[in-house]
>>> print(open('run-v5.txt').read())   # compact mmCIF, C-alpha atoms and all ligand atoms
# COMPACT_ATOMS: atom_id res chain seq x y z
CA MET A 1 -13.58 10.34 31.40
CA THR A 2 -10.89 12.12 29.43
CA GLU A 3 -11.99 14.84 27.10
CA GLN A 4 -11.75 14.08 23.39
CA PRO A 5 -8.95 15.98 21.64
CA GLN A 6 -10.15 18.48 19.03
CA ARG A 7 -6.88 18.75 17.16
CA LEU A 8 -4.18 16.27 16.41
CA THR A 9 -0.70 17.24 15.24
CA LEU A 10 1.30 14.53 13.56
CA ARG A 11 4.66 14.39 11.96
CA ARG A 12 3.78 14.28 8.25
CA PRO A 13 2.90 10.67 7.31
CA ASP A 14 4.13 8.66 4.33
CA ASP A 15 2.27 6.10 2.25
CA TRP A 16 4.37 2.94 1.98
CA HIS A 17 2.15 1.32 -0.70
CA LEU A 18 0.49 3.45 -3.36
CA HIS A 19 -0.71 3.14 -6.96
CA LEU A 20 -0.50 6.41 -8.87
CA ARG A 21 -0.95 5.08 -12.45
CA SER A 22 0.06 7.41 -15.30
CA GLY A 23 -1.34 10.04 -17.67
CA ALA A 24 -4.69 11.60 -16.83
CA MET A 25 -5.31 9.22 -13.93
CA LEU A 26 -1.99 10.17 -12.32
CA ARG A 27 -2.76 13.86 -12.71
CA ALA A 28 -6.20 13.38 -11.14
CA VAL A 29 -5.15 11.32 -8.11
CA LEU A 30 -1.66 12.57 -7.23
CA PRO A 31 -2.73 15.90 -5.61
CA PHE A 32 -4.72 14.00 -2.95
CA THR A 33 -1.67 12.06 -1.80
CA ALA A 34 0.71 15.00 -2.19
CA ARG A 35 -1.46 17.06 0.14
CA GLN A 36 -1.13 14.63 3.04
CA MET A 37 1.91 12.46 2.55
CA GLY A 38 5.58 13.38 2.55
CA ARG A 39 6.61 10.38 0.48
CA ALA A 40 5.06 7.30 -1.05
CA ILE A 41 6.34 3.98 -2.26
CA VAL A 42 4.99 4.04 -5.80
CA MET A 43 3.92 0.70 -7.17
CA PRO A 44 5.35 -0.26 -10.58
CA ASN A 45 2.40 -2.20 -12.04
CA LEU A 46 1.82 0.08 -15.01
CA LEU A 47 1.18 -1.17 -18.52
CA PRO A 48 3.96 -1.82 -19.48
CA PRO A 49 5.41 -2.33 -15.97
CA VAL A 50 8.30 -0.32 -14.51
CA THR A 51 10.94 -3.01 -14.74
CA ASP A 52 14.24 -1.15 -14.99
CA THR A 53 16.07 2.08 -14.24
CA ALA A 54 15.21 3.68 -17.59
CA ARG A 55 11.47 3.21 -17.08
CA ALA A 56 11.65 4.17 -13.41
CA ARG A 57 13.42 7.45 -14.26
CA ALA A 58 10.83 8.29 -16.88
CA TYR A 59 8.00 7.41 -14.51
CA ARG A 60 9.51 9.45 -11.68
CA ASP A 61 9.81 12.44 -14.03
CA GLU A 62 6.18 12.04 -15.03
CA ILE A 63 5.11 12.01 -11.38
CA LEU A 64 7.24 15.05 -10.49
CA ALA A 65 5.81 16.95 -13.48
CA ALA A 66 2.26 16.18 -12.30
CA LEU A 67 2.81 17.53 -8.77
CA PRO A 68 0.99 20.68 -7.71
CA PRO A 69 3.36 23.70 -7.70
CA GLY A 70 5.37 23.98 -4.49
CA SER A 71 4.62 20.44 -3.35
CA GLY A 72 7.34 18.80 -1.29
CA PHE A 73 6.04 15.28 -1.99
CA ARG A 74 8.68 12.74 -2.99
CA PRO A 75 7.90 9.54 -4.91
CA LEU A 76 9.99 6.53 -3.89
CA MET A 77 10.32 4.28 -6.89
CA THR A 78 10.08 0.51 -7.06
CA ALA A 79 11.10 -1.99 -9.73
CA TYR A 80 8.69 -4.67 -10.90
CA LEU A 81 10.45 -8.00 -10.59
CA THR A 82 10.14 -10.24 -13.64
CA ASP A 83 11.73 -13.48 -14.78
CA HIS A 84 14.11 -11.30 -16.83
CA THR A 85 15.17 -8.69 -14.26
CA ASP A 86 18.79 -7.56 -14.56
CA ALA A 87 20.39 -7.59 -11.08
CA ASP A 88 23.12 -5.12 -12.12
CA ASP A 89 20.56 -2.59 -13.31
CA LEU A 90 18.62 -2.88 -10.03
CA ALA A 91 21.76 -2.52 -7.97
CA ALA A 92 22.79 0.58 -9.96
CA GLY A 93 19.31 2.07 -9.44
CA PHE A 94 19.51 1.42 -5.71
CA ARG A 95 23.02 2.86 -5.43
CA ASP A 96 21.90 6.02 -7.27
CA GLY A 97 18.92 6.51 -4.97
CA LEU A 98 16.40 5.81 -7.73
CA PHE A 99 15.01 2.54 -6.39
CA THR A 100 13.84 2.17 -2.80
CA ALA A 101 12.53 -1.38 -3.21
CA VAL A 102 11.64 -4.17 -5.61
CA LYS A 103 8.12 -5.51 -5.97
CA LEU A 104 7.21 -9.16 -6.32
CA TYR A 105 3.91 -9.92 -8.02
CA PRO A 106 3.29 -13.63 -8.35
CA GLN A 107 2.18 -13.95 -11.98
CA HIS A 108 -1.58 -13.28 -12.36
CA ALA A 109 -2.06 -12.64 -8.62
CA THR A 110 -3.57 -9.18 -9.05
CA THR A 111 -4.12 -6.15 -11.34
CA ASN A 112 -1.40 -5.85 -14.04
CA SER A 113 0.63 -8.81 -12.82
CA ALA A 114 0.83 -10.69 -16.13
CA HIS A 115 4.59 -10.02 -16.25
CA GLY A 116 5.05 -11.20 -12.66
CA VAL A 117 7.40 -13.89 -11.50
CA THR A 118 6.45 -17.43 -12.54
CA ASP A 119 8.77 -19.23 -10.12
CA LEU A 120 10.99 -17.72 -7.43
CA ARG A 121 13.84 -20.00 -8.44
CA THR A 122 14.09 -18.05 -11.71
CA VAL A 123 14.96 -14.86 -9.83
CA ALA A 124 17.35 -16.43 -7.30
CA PRO A 125 20.39 -14.45 -8.50
CA VAL A 126 18.43 -11.19 -8.19
CA LEU A 127 17.24 -12.03 -4.67
CA GLU A 128 20.79 -12.92 -3.65
CA ARG A 129 22.00 -9.58 -4.90
CA MET A 130 19.18 -7.75 -3.11
CA GLN A 131 20.00 -9.37 0.21
CA GLU A 132 23.66 -8.54 -0.29
CA ILE A 133 23.04 -4.83 -0.88
CA GLY A 134 20.05 -4.40 1.46
CA LEU A 135 17.44 -3.66 -1.21
CA PRO A 136 14.03 -4.62 0.24
CA LEU A 137 11.59 -6.97 -1.48
CA LEU A 138 7.91 -5.99 -1.29
CA VAL A 139 5.49 -8.83 -1.80
CA HIS A 140 1.93 -9.19 -2.95
CA GLY A 141 1.41 -12.19 -0.69
CA GLU A 142 -1.11 -14.45 -2.39
CA VAL A 143 -0.66 -17.79 -4.10
CA THR A 144 -2.09 -18.00 -7.58
CA ASP A 145 -3.01 -21.68 -7.47
CA PRO A 146 -6.64 -21.68 -8.67
CA ALA A 147 -7.30 -24.70 -6.44
CA VAL A 148 -6.75 -22.52 -3.37
CA ASP A 149 -9.87 -20.66 -2.25
CA ILE A 150 -9.54 -16.90 -2.80
CA PHE A 151 -10.05 -16.25 0.93
CA ASP A 152 -7.14 -18.60 1.79
CA ARG A 153 -4.60 -17.38 -0.75
CA GLU A 154 -2.73 -15.11 1.64
CA ALA A 155 -2.46 -17.61 4.49
CA VAL A 156 -1.28 -20.34 2.09
CA PHE A 157 1.30 -17.95 0.60
CA LEU A 158 2.86 -17.44 4.02
CA ASP A 159 3.44 -21.18 4.47
CA ARG A 160 4.25 -22.17 0.93
CA VAL A 161 6.23 -19.16 -0.27
CA LEU A 162 7.16 -16.54 2.32
CA GLU A 163 8.47 -18.76 5.11
CA PRO A 164 10.75 -20.74 2.75
CA LEU A 165 11.86 -17.46 1.11
CA LEU A 166 12.92 -15.98 4.45
CA GLN A 167 14.84 -19.16 5.22
CA ARG A 168 16.54 -19.34 1.84
CA TYR A 169 17.62 -15.67 2.01
CA PRO A 170 18.35 -15.10 5.69
CA ALA A 171 19.38 -11.46 5.25
CA LEU A 172 16.75 -10.41 2.69
CA ARG A 173 14.54 -7.57 3.97
CA VAL A 174 10.87 -8.09 3.12
CA VAL A 175 7.63 -6.14 3.38
CA LEU A 176 4.44 -8.14 3.38
CA GLU A 177 2.11 -5.72 1.64
CA HIS A 178 -1.55 -5.14 2.43
CA ALA A 179 -1.96 -7.83 5.11
CA THR A 180 -5.53 -9.06 5.42
CA THR A 181 -5.52 -12.02 7.81
CA GLU A 182 -4.79 -12.94 11.41
CA GLU A 183 -2.31 -15.45 10.00
CA ALA A 184 -0.37 -12.61 8.37
CA VAL A 185 -0.39 -10.63 11.61
CA ALA A 186 0.97 -13.64 13.52
CA PHE A 187 3.59 -14.29 10.84
CA VAL A 188 4.86 -10.70 10.96
CA ARG A 189 4.92 -10.74 14.77
CA ARG A 190 6.95 -13.93 14.74
CA HIS A 191 9.56 -12.50 12.35
CA GLY A 192 9.31 -8.84 13.37
CA PRO A 193 11.98 -8.87 16.08
CA SER A 194 14.58 -9.95 13.50
CA GLY A 195 14.23 -6.47 12.00
CA ARG A 196 13.95 -7.86 8.49
CA ILE A 197 10.20 -7.84 8.02
CA GLY A 198 7.73 -5.00 7.74
CA CYS A 199 4.02 -5.09 6.97
CA THR A 200 1.66 -2.53 5.50
CA ILE A 201 -2.00 -2.37 6.49
CA THR A 202 -4.57 -0.52 4.40
CA ALA A 203 -7.30 1.72 5.79
CA HIS A 204 -10.00 -0.22 3.98
CA HIS A 205 -8.98 -3.57 5.45
CA LEU A 206 -9.29 -1.96 8.88
CA MET A 207 -12.82 -0.84 7.99
CA ILE A 208 -14.51 -3.54 5.94
CA ASN A 209 -14.92 -7.28 6.16
CA ARG A 210 -16.09 -9.62 3.42
CA SER A 211 -19.75 -9.22 4.28
CA HIS A 212 -19.55 -5.54 3.31
CA LEU A 213 -18.80 -6.65 -0.25
CA PHE A 214 -22.29 -8.08 -0.48
CA ALA A 215 -24.29 -5.78 1.80
CA GLY A 216 -27.66 -5.40 0.09
CA GLY A 217 -26.13 -6.35 -3.28
CA ILE A 218 -22.68 -6.63 -4.84
CA ARG A 219 -20.41 -3.67 -4.04
CA PRO A 220 -17.77 -3.47 -6.76
CA HIS A 221 -16.08 -0.44 -5.20
CA LEU A 222 -15.14 -2.56 -2.19
CA TYR A 223 -13.48 -5.23 -4.30
CA CYS A 224 -9.71 -5.33 -3.98
CA LEU A 225 -6.96 -7.89 -3.69
CA PRO A 226 -6.23 -9.44 -1.35
CA ILE A 227 -9.99 -9.57 -0.87
CA ALA A 228 -11.40 -8.46 2.50
CA LYS A 229 -11.77 -11.40 4.89
CA ARG A 230 -14.00 -12.38 7.83
CA GLU A 231 -14.62 -10.01 10.73
CA LYS A 232 -12.14 -11.79 13.00
CA HIS A 233 -9.39 -10.92 10.55
CA ARG A 234 -10.40 -7.27 10.42
CA LEU A 235 -10.26 -7.17 14.21
CA ALA A 236 -6.81 -8.79 14.21
CA LEU A 237 -5.62 -6.14 11.73
CA ARG A 238 -7.02 -3.38 13.94
CA ARG A 239 -5.13 -4.72 16.94
CA ALA A 240 -1.96 -4.98 14.87
CA ALA A 241 -2.17 -1.46 13.42
CA THR A 242 -3.05 0.23 16.71
CA GLY A 243 -0.96 -1.93 19.04
CA GLY A 244 2.27 0.01 18.74
CA GLU A 245 4.50 -2.73 17.30
CA PRO A 246 7.12 -1.17 15.00
CA TRP A 247 6.83 -3.65 12.11
CA PHE A 248 3.31 -2.55 11.16
CA PHE A 249 2.99 0.66 9.17
CA LEU A 250 0.74 2.68 6.90
CA GLY A 251 0.31 1.65 3.27
CA THR A 252 -2.98 2.61 1.71
CA ASP A 253 -2.78 0.46 -1.42
CA SER A 254 -4.94 3.22 -2.88
CA ALA A 255 -5.56 1.76 -6.34
CA PRO A 256 -7.72 3.92 -8.62
CA HIS A 257 -9.64 2.43 -11.53
CA PRO A 258 -12.19 4.19 -13.77
CA VAL A 259 -15.71 3.79 -12.39
CA GLY A 260 -16.67 1.95 -15.59
CA ALA A 261 -13.95 -0.65 -15.01
CA LYS A 262 -15.21 -1.24 -11.46
CA GLU A 263 -18.94 -1.30 -12.24
CA SER A 264 -18.61 -4.05 -14.78
CA ALA A 265 -19.49 -7.70 -15.33
CA CYS A 266 -15.84 -8.36 -14.51
CA GLY A 267 -14.83 -5.48 -12.28
CA CYS A 268 -11.19 -4.58 -11.51
CA ALA A 269 -9.62 -5.06 -8.10
CA GLY A 270 -8.58 -1.89 -6.29
CA ILE A 271 -10.00 0.72 -3.91
CA PHE A 272 -9.22 4.44 -4.16
CA THR A 273 -8.63 5.66 -0.60
CA ALA A 274 -6.01 8.37 -1.18
CA ALA A 275 -8.50 11.25 -1.08
CA THR A 276 -9.04 10.84 2.67
CA ALA A 277 -6.28 8.42 3.66
CA ILE A 278 -5.12 9.86 6.97
CA GLU A 279 -8.69 10.72 7.98
CA LEU A 280 -9.69 7.08 7.54
CA TYR A 281 -6.82 5.84 9.66
CA ALA A 282 -7.49 8.51 12.31
CA GLN A 283 -11.06 7.32 12.56
CA VAL A 284 -9.97 3.72 13.11
CA PHE A 285 -7.32 4.67 15.68
CA GLU A 286 -9.84 6.77 17.59
CA GLU A 287 -12.39 3.95 17.57
CA GLU A 288 -9.69 1.72 19.05
CA GLY A 289 -8.78 4.32 21.69
CA ALA A 290 -5.30 4.58 20.19
CA LEU A 291 -5.02 8.06 18.67
CA ASP A 292 -1.74 8.44 20.56
CA ARG A 293 -0.30 5.61 18.44
CA LEU A 294 -1.34 6.96 15.05
CA GLU A 295 1.88 8.92 14.56
CA ALA A 296 4.10 5.86 15.04
CA PHE A 297 2.06 3.81 12.58
CA ALA A 298 1.67 6.60 10.00
CA SER A 299 4.90 8.56 10.27
CA LEU A 300 7.66 6.72 12.17
CA ASN A 301 7.59 2.94 11.72
CA GLY A 302 7.80 3.04 7.93
CA PRO A 303 10.85 5.32 7.76
CA ALA A 304 12.55 3.24 10.47
CA PHE A 305 12.10 0.06 8.42
CA TYR A 306 13.32 1.74 5.23
CA ARG A 307 16.21 3.36 7.13
CA LEU A 308 15.08 6.84 6.18
CA PRO A 309 14.56 9.84 8.45
CA PRO A 310 10.97 10.69 9.33
CA ASN A 311 9.53 13.83 7.73
CA ASP A 312 10.44 17.11 9.43
CA ASP A 313 7.17 18.94 9.01
CA ARG A 314 3.76 18.24 10.49
CA ILE A 315 0.11 18.01 9.54
CA VAL A 316 -2.81 19.01 11.69
CA LEU A 317 -6.07 17.11 11.85
CA GLU A 318 -9.19 18.68 13.28
CA ARG A 319 -12.29 17.06 14.64
CA SER A 320 -14.58 19.24 12.50
CA GLY A 321 -14.63 16.27 10.15
CA THR A 322 -15.03 16.04 6.41
CA VAL A 323 -17.09 14.33 3.75
CA ALA A 324 -15.28 11.91 1.43
CA PRO A 325 -15.37 13.48 -2.05
CA GLU A 326 -17.79 12.80 -4.86
CA PRO A 327 -16.38 10.90 -7.87
CA VAL A 328 -13.16 12.57 -9.04
CA ALA A 329 -13.05 13.58 -12.72
CA VAL A 330 -10.16 12.04 -14.62
CA ASP A 331 -10.62 12.65 -18.32
CA GLY A 332 -13.70 13.17 -20.47
CA ASN A 333 -16.42 11.18 -18.77
CA ILE A 334 -13.96 8.97 -16.88
CA ALA A 335 -14.06 9.31 -13.10
CA VAL A 336 -12.74 7.46 -10.09
CA MET A 337 -14.83 6.67 -7.01
CA PRO A 338 -13.34 7.54 -3.61
CA PHE A 339 -13.83 5.07 -0.78
CA ARG A 340 -16.79 6.18 1.38
CA SER A 341 -17.70 8.82 -1.23
CA GLY A 342 -20.30 11.22 0.18
CA GLU A 343 -19.99 9.81 3.71
CA ARG A 344 -18.96 11.74 6.76
CA LEU A 345 -15.59 11.15 8.44
CA ASP A 346 -14.73 12.45 11.90
CA TRP A 347 -11.42 14.16 11.10
CA ARG A 348 -10.13 16.55 8.49
CA VAL A 349 -6.65 17.72 7.52
CA VAL A 350 -6.46 21.48 8.11
CA GLU A 351 -2.80 22.28 7.65
CA GLY A 352 0.03 20.81 5.75
N1 LIG B 401 -4.97 -3.96 -4.51
C1 LIG B 401 -5.69 -4.10 -5.60
O1 LIG B 401 -6.80 -4.62 -5.53
N2 LIG B 401 -5.25 -3.68 -6.81
C2 LIG B 401 -3.96 -3.13 -7.11
C3 LIG B 401 -2.91 -4.17 -7.21
C4 LIG B 401 -2.45 -4.74 -5.88
O2 LIG B 401 -1.98 -4.00 -5.01
O3 LIG B 401 -2.53 -5.95 -5.69
C5 LIG B 401 -4.07 -2.37 -8.43
O4 LIG B 401 -3.05 -2.05 -9.03
O5 LIG B 401 -5.20 -2.05 -8.85
ZN ZN B 402 -1.04 -6.24 -4.23
ZN ZN B 403 -1.21 -2.46 -4.31
>>> encode(input="run-v5.txt", output="structure tokens", more="lines below")
Ligand SMILES: NC(=O)N[C@@H](CC(=O)O)C(=O)O
Ligand SMILES: [Zn+2]
Ligand SMILES: [Zn+2]
Amino acid sequence: MTEQPQRLTLRRPDDWHLHLRSGAMLRAVLPFTARQMGRAIVMPNLLPPVTDTARARAYRDEILAALPPGSGFRPLMTAYLTDHTDADDLAAGFRDGLFTAVKLYPQHATTNSAHGVTDLRTVAPVLERMQEIGLPLLVHGEVTDPAVDIFDREAVFLDRVLEPLLQRYPALRVVLEHATTEEAVAFVRRHGPSGRIGCTITAHHLMINRSHLFAGGIRPHLYCLPIAKREKHRLALRRAATGGEPWFFLGTDSAPHPVGAKESACGCAGIFTAATAIELYAQVFEEEGALDRLEAFASLNGPAFYRLPPNDDRIVLERSGTVAPEPVAVDGNIAVMPFRSGERLDWRVVEG
């Protein structure tokens, strides 16, 4: 039997799917990510959404101003695709290094998606431009057809929307965000070798299945979109994340909401995992006997897809473990609940 490692040194990871929000919420949650991650793809679903270069610049400035002193964290900005997106403005933002990607929210698919795209045909000129200049499209991959069962919305999206999209735009680079099903894993594997598809996997979808949402009563803090699926899907995601294939990479989809908005008759979708993101992934990789593959998933595969260099510096994790924090104060009596709050995790970040 090999001895368990006590310390783990990793090239500093990045978070390729993150919600930072704005104002007091941003100031409360950003330090957690900035402590661990070198960069993050920052989601644009604010109210109002970040739809153009002017808003993205202002949002980036707000994020930079909220960083702890001396932090080297870099936000990578995204544009929220709408029926009215201006392709020239996006292209200028990409050329100037402001935009790293464009985000597709099918209208009403998830939190703050009311301005999302109603029909992909409307944005055809924008997608053509993106494929021409190499600007990646990030997708929330769920159909919004209310006739489709919520647990099937991702799998149906792959057939009805994503496969035709990849065919119609043969050079468009796409990231399927927050994959939750074995169908998504198979889809990404099938297209992965073309080099044009990436896929983020969250820590929580590696840890919970749909039964956890109802364990002993309804668990609003485990509600997110796409919703957690059956156990067989969780196991497929674990094999994908830990299997060493380069098209799967870390994206927490950490999505903070005030506790009151979660613990409600109509609770918001989103799980706040940023406080212990890398610790959660380390735990999963160790359980799968794949700690040696954590660095590729967390720190190398994402930059390779985005054609960026990996981070130069490193973080150190130690087996002494940690306890996921108590609710994090935001403003007045508003707080946000960390995933696994109060529970013990096996690893802790000690340097970085
Ligand atoms: N994942 C979620 O459940 N919620 C995200 C939106 C999203 O990523 O779909 C949010 O902004 O709260
Ligand atoms: Zn989403
Ligand atoms: Zn998200």
>>> closest_residue(input="run-v5.txt", among="A:Ser254, A:Ser194, A:Thr82, A:Thr118", to="ligand ZN 402 (chain B)", atoms="all atoms listed in the file")
A:Ser254
>>> residues_around(input="run-v5.txt", residues="Ala58 (chain A)", least_positions_apart="6", cutoff="12 Å", atoms="only C-alpha atoms", output="short mmCIF file (atom, residue, chain, number, x, y, z; two decimals) with C-alpha atoms, in the coordinates of the input")
data_model
loop_
_atom_site.label_atom_id
_atom_site.label_comp_id
_atom_site.auth_asym_id
_atom_site.auth_seq_id
_atom_site.Cartn_x
_atom_site.Cartn_y
_atom_site.Cartn_z
CA SER A 22 0.06 7.41 -15.30
CA PRO A 44 5.35 -0.26 -10.58
CA PRO A 49 5.41 -2.33 -15.97
CA VAL A 50 8.30 -0.32 -14.51
CA THR A 51 10.94 -3.01 -14.74
CA ASP A 52 14.24 -1.15 -14.99
CA LEU A 64 7.24 15.05 -10.49
CA ALA A 65 5.81 16.95 -13.48
CA MET A 77 10.32 4.28 -6.89
CA LEU A 98 16.40 5.81 -7.73
#
>>> atom_distance(input="run-v5.txt", atom1="CA of Arg210 (chain A)", atom2="CA of Arg344 (chain A)")
21.8 Å
>>> atom_distance(input="run-v5.txt", atom1="CA of Val126 (chain A)", atom2="CA of Phe94 (chain A)")
12.9 Å
>>> atom_distance(input="run-v5.txt", atom1="CA of Leu135 (chain A)", atom2="CA of Phe99 (chain A)")
8.4 Å
>>> axis_aligned_box(input="run-v5.txt", around="region 282-298 of chain A", padding_each_side="6 Å", output="JSON")
{"center_x": -4.1, "center_y": 5.3, "center_z": 15.8, "size_x": 28.5, "size_y": 19.2, "size_z": 23.7}
>>> residues_around(input="run-v5.txt", residues="Ala179 (chain A)", least_positions_apart="6", cutoff="7 Å", atoms="all atoms listed in the file", output="PyMOL selection string")
chain A and resi 199-201
>>> write_last_selection(input="run-v5.txt", atoms="C-alpha atoms", output="short mmCIF file (atom, residue, chain, number, x, y, z; two decimals), in the coordinates of the input")
data_model
loop_
_atom_site.label_atom_id
_atom_site.label_comp_id
_atom_site.auth_asym_id
_atom_site.auth_seq_id
_atom_site.Cartn_x
_atom_site.Cartn_y
_atom_site.Cartn_z
CA CYS A 199 4.02 -5.09 6.97
CA THR A 200 1.66 -2.53 5.50
CA ILE A 201 -2.00 -2.37 6.49
#
>>> residues_near_ligand(input="run-v5.txt", ligand="ligand ZN 403 (chain B)", cutoff="7 Å", atoms="all atoms listed in the file", output="ChimeraX atom specification")
/A:17-19,43,253-255
>>> closest_atom_pairs(input="run-v5.txt", of="chain A", to="ligand ZN 402 (chain B)", cutoff="7 Å", atoms="all atoms listed in the file", output="JSON lines")
{"residue": "A:Thr110", "atom": "CA", "partner": "B:ZN402", "partner_atom": "ZN", "distance": 6.2}
{"residue": "A:His140", "atom": "CA", "partner": "B:ZN402", "partner_atom": "ZN", "distance": 4.4}
{"residue": "A:Glu177", "atom": "CA", "partner": "B:ZN402", "partner_atom": "ZN", "distance": 6.7}
{"residue": "A:His178", "atom": "CA", "partner": "B:ZN402", "partner_atom": "ZN", "distance": 6.8}
{"residue": "A:Leu225", "atom": "CA", "partner": "B:ZN402", "partner_atom": "ZN", "distance": 6.2}
{"residue": "A:Pro226", "atom": "CA", "partner": "B:ZN402", "partner_atom": "ZN", "distance": 6.7}
